[in-house]
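Below is one structure; the comments refer to it alone.
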Amino acid sequence: MYDLIVKNGQVVSPSSTVQCDIAVKDGKIAALGKFGDSEADRVIDAAGKYVLPGGVEAHMHCQAPFQGCLGANDFFEQSVSAAYGGVTTFMDFANMGKGDSPFQQALARAEEMKDSAIDFSVHGKFVESTEEAIADIDKMAAYGIPTFKMFMTYKKEGVMSDEETMLRVFYKAKEVGGLPMLHCEDNTIAEANIEECRKKNDMSWVNFAKCKPVLCEAAAFSKAAYLAKYTQCPILVVHTTNEDALNTARRAHAEGQPVYVETGTHYLTLFDDIYEREDGYLAICSPPLRTPEDAKALWKGIEDGTILLTGSDDCTFDVDEKSAFLEKGPDGKWVQDFTKVVNGLSGIEIRLPVLLSEGVQKGRISINKVCALTSTNIAKIYGCYPQKGIIAPGSDADLVIVDMEKEVTLSKDTLHNNISYCLHEGFQVKGYPVMTIARGSVIIENGAFTGEKGAGRFLKRKIAPDYLKQYGLD
Ligand code: URP
Ligand code: ZN
Ligand code: ZN
């Protein structure tokens with residue numbers, strides 16, 4: 001007797017869409033095929049709908065102290081919002097300052113995440129390369145934490161890794177089968193530009209984007225890629241926004257170099273004209289929003305396989321935190337100073353619907369590609385495949401049922417986070433997750449959360465050596 005059967009759905013993987021039933025037992029997928037209703041305690045009819053492996057979100061910052069702010073969601077609330085967006089596993093970063101132990105901070109972060117309703121994991125983070133810090137890489141990898149984040153900017157915030165740290169982390173990561181993750185923005189370029197703006201007394205939202213242009217990101221991307229080539233270490237570059245950076249990745253890929261590239265759905269759908277608005281500060285994120293032409297280059301990068309992952313880079317800064325350090329002038333308007341605005345946008349709940357609607361419905365990508373971009377590739381690259389990321393016997397029964405006919409107008413009122421604005425307010429999507437199942441338990445059904453606080457488990461990860469040696473996921 002099975003616990004659950006999901007029947008008649010179009011079951012999606014990166015390479016196929018097949019109509020079949022999914023039988024679930026003890027939180028795992030027991031079998032795929034054709035089953036009778038009497039064979040399970042519960043039967044869900046997914047006729048006319050698609051069933052994808054639950055989303056894996058490997059890039060978010062929840063309850064992460066940054067630029068004087070913390071974010072509005074706790075980890076349980078974040079997991080509920082994620083689940084509404086079809087996400088069944090998420091990962092966050094250790095909070096690090098100089099002198100902290102990366103391993104201890106990663107463990108502390110995992111502890112903080114325990115209230116999550118979905119499975120979770122943690123990335124290590126490096127801000128310096130003391131002997132003790134580097135030695136922690138062995139411990140983290142052995143514990144099931146093989147990914148290590150470094151920022152190439154945010155020097156003033158005290159979290160930037162210098163090149164020495166990058167090099168040392170790359171060497172050690174390579175030794176243990178780890179994968180460094182890079183935020184690529186050249187700090188020197190950004191800071192010099194900010195200084196110029198300060199001299200001109202123009203710290204407008206618009207100038208934020210101008211201070212961190214495409215080449216600021218591309219220069220750092222190139223540096224990271226060459227250091228990775230030199231050390232023969234695989235890397236993953238997060239939130240990539242433009243063609244210059246993608247061309248560096250393409251050159252690396254042509255040589256077989258494992259340089260994995262993530263982009264965010266906000267860079268596909270929101271543009272830098274938002275910074276012209278009075279409330280443009282709400283869209284301040286790093287790298288900044290770009291142009292529609294840059295977004296076109298990203299879609300091309302997705303299509304040709306240069307970009308294999310999407311991440312929301314979710315930060316839950318509400319208006320109060322975004323504006324906490326701003327002042328209003330005598331005209332009642334904000335005195336614009338982008339250096340006083342915390343960087344980061346929310347988006348964990350809308351990654352899947354945006355890709356279904358802007359990608360599949362608009363004919364840019366297949367639903368199989370969406371499966372790869374939101375689940376399978378992420379599980380593979382981050383080292384939790386095939387436990388996560390695929391609908392196959394033996395895998396965790398993490399499923400999201402998608403109705404491609406469902407139309408939704410995105411709005412702060414329809415999302416499930418603690419944020420009182422939505423940068424996608426009024427954005428129409430067609431194609432939406434209607435049911436989310438985490439390890440065999442239905443956690444989103446008929447628009448309601450039916451999961452449990454604390455039901456999520458810490459996920460130990462190990463990356464397959466093949467993905468680390470040579471670019472590609474086959
Ligand atoms: O603006 C952003 N992206 N804030 C979060 C931290 C980071 O850079 O990923
Ligand atoms: Zn970043
Ligand atoms: Zn981030």
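Ordering of the structure tokens sets the chain letters (A, B, ...); residue numbers start at 1 within each chain; ligands are numbered from 1 in the order shown.
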
Please extract the residues at most 10 Å from ligand 1, counting only C-alpha atoms and all ligand atoms, and provide them as a CSV table (one decimal) with C-alpha atoms, in the first residue's frame, using the chain letters and residue numbers of this document.
```csv
chain,number,residue,atom,x,y,z
A,59,HIS,CA,20.5,31.5,-3.2
A,60,MET,CA,18.7,33.4,-0.5
A,61,HIS,CA,19.5,35.6,2.4
A,62,CYS,CA,17.0,35.2,5.3
A,64,ALA,CA,21.1,37.7,7.5
A,66,PHE,CA,23.5,43.2,6.2
A,67,GLN,CA,24.0,46.9,5.9
A,93,PHE,CA,24.6,31.3,3.8
A,149,LYS,CA,30.5,31.8,-0.9
A,150,MET,CA,32.8,34.8,-1.5
A,151,PHE,CA,31.9,38.4,-2.3
A,152,MET,CA,34.2,40.3,-4.5
A,153,THR,CA,32.7,43.5,-3.3
A,154,TYR,CA,31.1,44.9,-0.1
A,182,LEU,CA,31.3,34.1,-6.3
A,183,HIS,CA,29.4,37.4,-6.2
A,184,CYS,CA,31.3,39.1,-9.0
A,185,GLU,CA,31.5,42.9,-8.8
A,238,VAL,CA,25.8,33.8,-8.8
A,239,HIS,CA,23.3,36.4,-10.2
A,264,GLY,CA,18.0,35.7,-11.2
A,283,ALA,CA,14.8,48.0,-6.4
A,284,ILE,CA,18.4,48.6,-5.2
A,285,CYS,CA,20.2,45.3,-5.4
A,286,SER,CA,23.7,44.1,-6.5
A,287,PRO,CA,24.4,43.7,-9.3
A,288,PRO,CA,21.8,46.4,-10.2
A,289,LEU,CA,18.9,45.8,-12.5
A,312,SER,CA,16.0,34.3,-6.5
A,313,ASP,CA,18.7,35.9,-4.3
A,314,ASP,CA,15.7,36.5,-2.0
A,315,CYS,CA,16.1,39.2,0.7
A,316,THR,CA,13.1,40.1,2.7
A,317,PHE,CA,13.7,43.8,3.3
A,342,VAL,CA,20.2,48.0,1.9
A,343,ASN,CA,20.9,45.9,-1.2
A,344,GLY,CA,18.5,43.1,-2.0
A,345,LEU,CA,15.1,42.1,-3.4
A,346,SER,CA,12.6,39.4,-2.6
```

Kindly assemble as JSON lines a list of the region 356-469 of chain A residues that lie within 8 Å of region 104-118 of chain A, each paired with its nearest atom pair and their distance in Å to one decimal, using only C-alpha atoms, sorted first by chain and then by ascending residue number.
```
{"residue": "A:Ala438", "atom": "CA", "partner": "A:Ile118", "partner_atom": "CA", "distance": 6.7}
{"residue": "A:Gly451", "atom": "CA", "partner": "A:Ala117", "partner_atom": "CA", "distance": 6.4}
{"residue": "A:Glu452", "atom": "CA", "partner": "A:Ala117", "partner_atom": "CA", "distance": 5.5}
{"residue": "A:Lys453", "atom": "CA", "partner": "A:Ala117", "partner_atom": "CA", "distance": 4.9}
{"residue": "A:Gly454", "atom": "CA", "partner": "A:Asp115", "partner_atom": "CA", "distance": 4.0}
{"residue": "A:Ala455", "atom": "CA", "partner": "A:Ala117", "partner_atom": "CA", "distance": 4.7}
{"residue": "A:Gly456", "atom": "CA", "partner": "A:Ile118", "partner_atom": "CA", "distance": 4.1}
{"residue": "A:Arg457", "atom": "CA", "partner": "A:Ile118", "partner_atom": "CA", "distance": 7.1}
{"residue": "A:Phe458", "atom": "CA", "partner": "A:Ala110", "partner_atom": "CA", "distance": 7.0}
```

**OP:** Name all residues at most 12 Å from Asp3 (chain A) (count only C-alpha atoms; drop same-chain ones fewer than 3 positions away) and give them as a PyMOL selection string.
**Re:** chain A and resi 6+22-31+37-44+397+439-442

**OP:** For CA of Thr165 (chain A) and CA of Glu217 (chain A), determine how far apart the two atoms are, in Å to one decimal place.
**Re:**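 Answer for the CA of Thr165 (chain A) to CA of Glu217 (chain A) separation: 18.9 Å.
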
**OP:** Give me, please, the distance in Å between CA of Met435 (chain A) and CA of Gln10 (chain A), quoted to one decimal.
**Re:**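 Distance between the two atoms: 14.1 Å.
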
**OP:** Write out as a count of residues only which residues come within 7 Å of Glu262 (chain A) when counting only C-alpha atoms, dropping same-chain ones fewer than 3 positions away.
**Re:** 9

Original post:
region 47-179 of chain A: which residues are strand (DSSP E) by DSSP, as an NGL selection string?
Top reply: :A and (50-53 or 55-57 or 60-61 or 87-93 or 119-125 or 147-151 or 179)

Requested write-out: N, CA and C atoms of the selected residues, as a JSON list (two decimals), in the first residue's frame:
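Result file is part_4.json:
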```json
[["chain", "number", "residue", "atom", "x", "y", "z"],
["A", 50, "TYR", "N", 0.99, 19.62, -15.03],
["A", 50, "TYR", "CA", 2.37, 19.14, -15.09],
["A", 50, "TYR", "C", 2.88, 18.89, -13.66],
["A", 51, "VAL", "N", 3.69, 17.87, -13.54],
["A", 51, "VAL", "CA", 4.30, 17.59, -12.23],
["A", 51, "VAL", "C", 5.83, 17.72, -12.39],
["A", 52, "LEU", "N", 6.39, 18.64, -11.65],
["A", 52, "LEU", "CA", 7.84, 18.89, -11.71],
["A", 52, "LEU", "C", 8.48, 18.50, -10.38],
["A", 53, "PRO", "N", 9.77, 18.18, -10.40],
["A", 53, "PRO", "CA", 10.43, 17.99, -9.10],
["A", 53, "PRO", "C", 10.41, 19.31, -8.33],
["A", 55, "GLY", "N", 11.08, 22.64, -6.41],
["A", 55, "GLY", "CA", 12.15, 23.60, -6.68],
["A", 55, "GLY", "C", 13.24, 23.55, -5.63],
["A", 56, "VAL", "N", 14.46, 23.78, -6.07],
["A", 56, "VAL", "CA", 15.59, 23.91, -5.16],
["A", 56, "VAL", "C", 16.08, 25.35, -5.28],
["A", 57, "GLU", "N", 16.02, 26.07, -4.19],
["A", 57, "GLU", "CA", 16.47, 27.48, -4.17],
["A", 57, "GLU", "C", 17.77, 27.53, -3.38],
["A", 60, "MET", "N", 19.52, 32.51, -1.26],
["A", 60, "MET", "CA", 18.65, 33.44, -0.53],
["A", 60, "MET", "C", 19.39, 33.94, 0.71],
["A", 61, "HIS", "N", 18.90, 35.03, 1.24],
["A", 61, "HIS", "CA", 19.51, 35.62, 2.45],
["A", 61, "HIS", "C", 18.37, 35.93, 3.41],
["A", 87, "VAL", "N", 8.86, 25.64, -4.16],
["A", 87, "VAL", "CA", 10.21, 25.30, -3.67],
["A", 87, "VAL", "C", 10.09, 24.33, -2.49],
["A", 88, "THR", "N", 10.85, 23.24, -2.54],
["A", 88, "THR", "CA", 10.78, 22.24, -1.46],
["A", 88, "THR", "C", 12.13, 22.06, -0.75],
["A", 89, "THR", "N", 13.15, 22.74, -1.25],
["A", 89, "THR", "CA", 14.47, 22.73, -0.58],
["A", 89, "THR", "C", 15.06, 24.12, -0.74],
["A", 90, "PHE", "N", 15.60, 24.66, 0.34],
["A", 90, "PHE", "CA", 16.33, 25.92, 0.16],
["A", 90, "PHE", "C", 17.64, 25.93, 0.94],
["A", 91, "MET", "N", 18.51, 26.83, 0.51],
["A", 91, "MET", "CA", 19.85, 26.92, 1.13],
["A", 91, "MET", "C", 20.15, 28.38, 1.42],
["A", 92, "ASP", "N", 20.80, 28.61, 2.55],
["A", 92, "ASP", "CA", 21.18, 29.97, 2.92],
["A", 92, "ASP", "C", 22.68, 29.96, 3.25],
["A", 93, "PHE", "N", 23.19, 31.11, 3.61],
["A", 93, "PHE", "CA", 24.63, 31.28, 3.81],
["A", 93, "PHE", "C", 24.96, 31.48, 5.29],
["A", 119, "ASP", "N", 13.01, 21.14, 3.46],
["A", 119, "ASP", "CA", 14.40, 20.75, 3.70],
["A", 119, "ASP", "C", 15.34, 21.91, 3.40],
["A", 120, "PHE", "N", 16.46, 21.91, 4.06],
["A", 120, "PHE", "CA", 17.35, 23.06, 3.96],
["A", 120, "PHE", "C", 18.81, 22.66, 4.03],
["A", 121, "SER", "N", 19.65, 23.53, 3.52],
["A", 121, "SER", "CA", 21.09, 23.34, 3.64],
["A", 121, "SER", "C", 21.76, 24.72, 3.76],
["A", 122, "VAL", "N", 23.05, 24.68, 3.97],
["A", 122, "VAL", "CA", 23.81, 25.90, 4.24],
["A", 122, "VAL", "C", 25.05, 25.93, 3.37],
["A", 123, "HIS", "N", 25.44, 27.13, 2.93],
["A", 123, "HIS", "CA", 26.74, 27.33, 2.28],
["A", 123, "HIS", "C", 27.69, 27.97, 3.28],
["A", 124, "GLY", "N", 28.95, 27.54, 3.25],
["A", 124, "GLY", "CA", 29.95, 28.26, 4.02],
["A", 124, "GLY", "C", 30.20, 29.62, 3.38],
["A", 125, "LYS", "N", 30.82, 30.50, 4.14],
["A", 125, "LYS", "CA", 31.18, 31.81, 3.57],
["A", 125, "LYS", "C", 32.59, 32.17, 4.05],
["A", 147, "THR", "N", 29.96, 23.86, -0.46],
["A", 147, "THR", "CA", 29.88, 25.10, -1.24],
["A", 147, "THR", "C", 30.26, 26.29, -0.37],
["A", 148, "PHE", "N", 31.05, 27.20, -0.94],
["A", 148, "PHE", "CA", 31.68, 28.27, -0.15],
["A", 148, "PHE", "C", 31.54, 29.59, -0.88],
["A", 149, "LYS", "N", 30.83, 30.51, -0.26],
["A", 149, "LYS", "CA", 30.54, 31.79, -0.93],
["A", 149, "LYS", "C", 31.59, 32.84, -0.63],
["A", 150, "MET", "N", 31.92, 33.61, -1.67],
["A", 150, "MET", "CA", 32.78, 34.78, -1.47],
["A", 150, "MET", "C", 32.23, 35.97, -2.25],
["A", 151, "PHE", "N", 32.27, 37.12, -1.62],
["A", 151, "PHE", "CA", 31.88, 38.37, -2.26],
["A", 151, "PHE", "C", 33.13, 39.06, -2.77],
["A", 179, "LEU", "N", 32.98, 23.56, -4.08],
["A", 179, "LEU", "CA", 32.63, 24.48, -5.16],
["A", 179, "LEU", "C", 32.50, 25.90, -4.59]]
```

Subject >> For Ser15 (chain A): contacts at 12 Å, only C-alpha atoms, fewer than 2 positions along chain excluded, given as a PyMOL selection string >> reply: chain A and resi 11-13+17-18+366-372+376-377+390-391+474

Print the selection's residues with C-alpha atoms to a file, as a compact mmCIF listing (two decimals), in the first residue's frame.
```txt
# COMPACT_ATOMS: atom_id res chain seq x y z
CA VAL A 11 5.70 14.20 -15.33
CA VAL A 12 8.55 16.51 -16.27
CA SER A 13 12.31 15.97 -16.25
CA THR A 17 7.54 14.89 -20.38
CA VAL A 18 5.68 11.64 -19.82
CA SER A 366 10.50 24.45 -22.72
CA ILE A 367 8.98 23.30 -19.45
CA ASN A 368 11.83 20.78 -19.33
CA LYS A 369 14.29 23.64 -19.27
CA VAL A 370 12.32 25.20 -16.41
CA CYS A 371 12.68 21.90 -14.54
CA ALA A 372 16.43 21.99 -15.08
CA THR A 376 17.56 19.37 -11.48
CA ASN A 377 20.64 21.40 -12.38
CA ILE A 390 14.29 14.52 -10.17
CA ILE A 391 11.10 12.49 -10.12
CA ASP A 474 25.58 14.70 -18.05
```

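Distances here use only C-alpha atoms; by that measure, the residue among A:Ala228, A:Cys422, A:Ala141, A:Leu399 closest to Phe103 (chain A) is A:Ala141.
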
**OP:** Find the spatial neighbours of Cys197 (chain A), counting only C-alpha atoms, within a cut-off of 10 Å - ignore same-chain residues fewer than 4 positions away - and output them as a list in words.
**Re:** Glu191, Ala192, Asn193, Asn201, Asp202, Met203, Ser204, Asn207, Phe208, Lys210, Cys211 and Asp337 of chain A
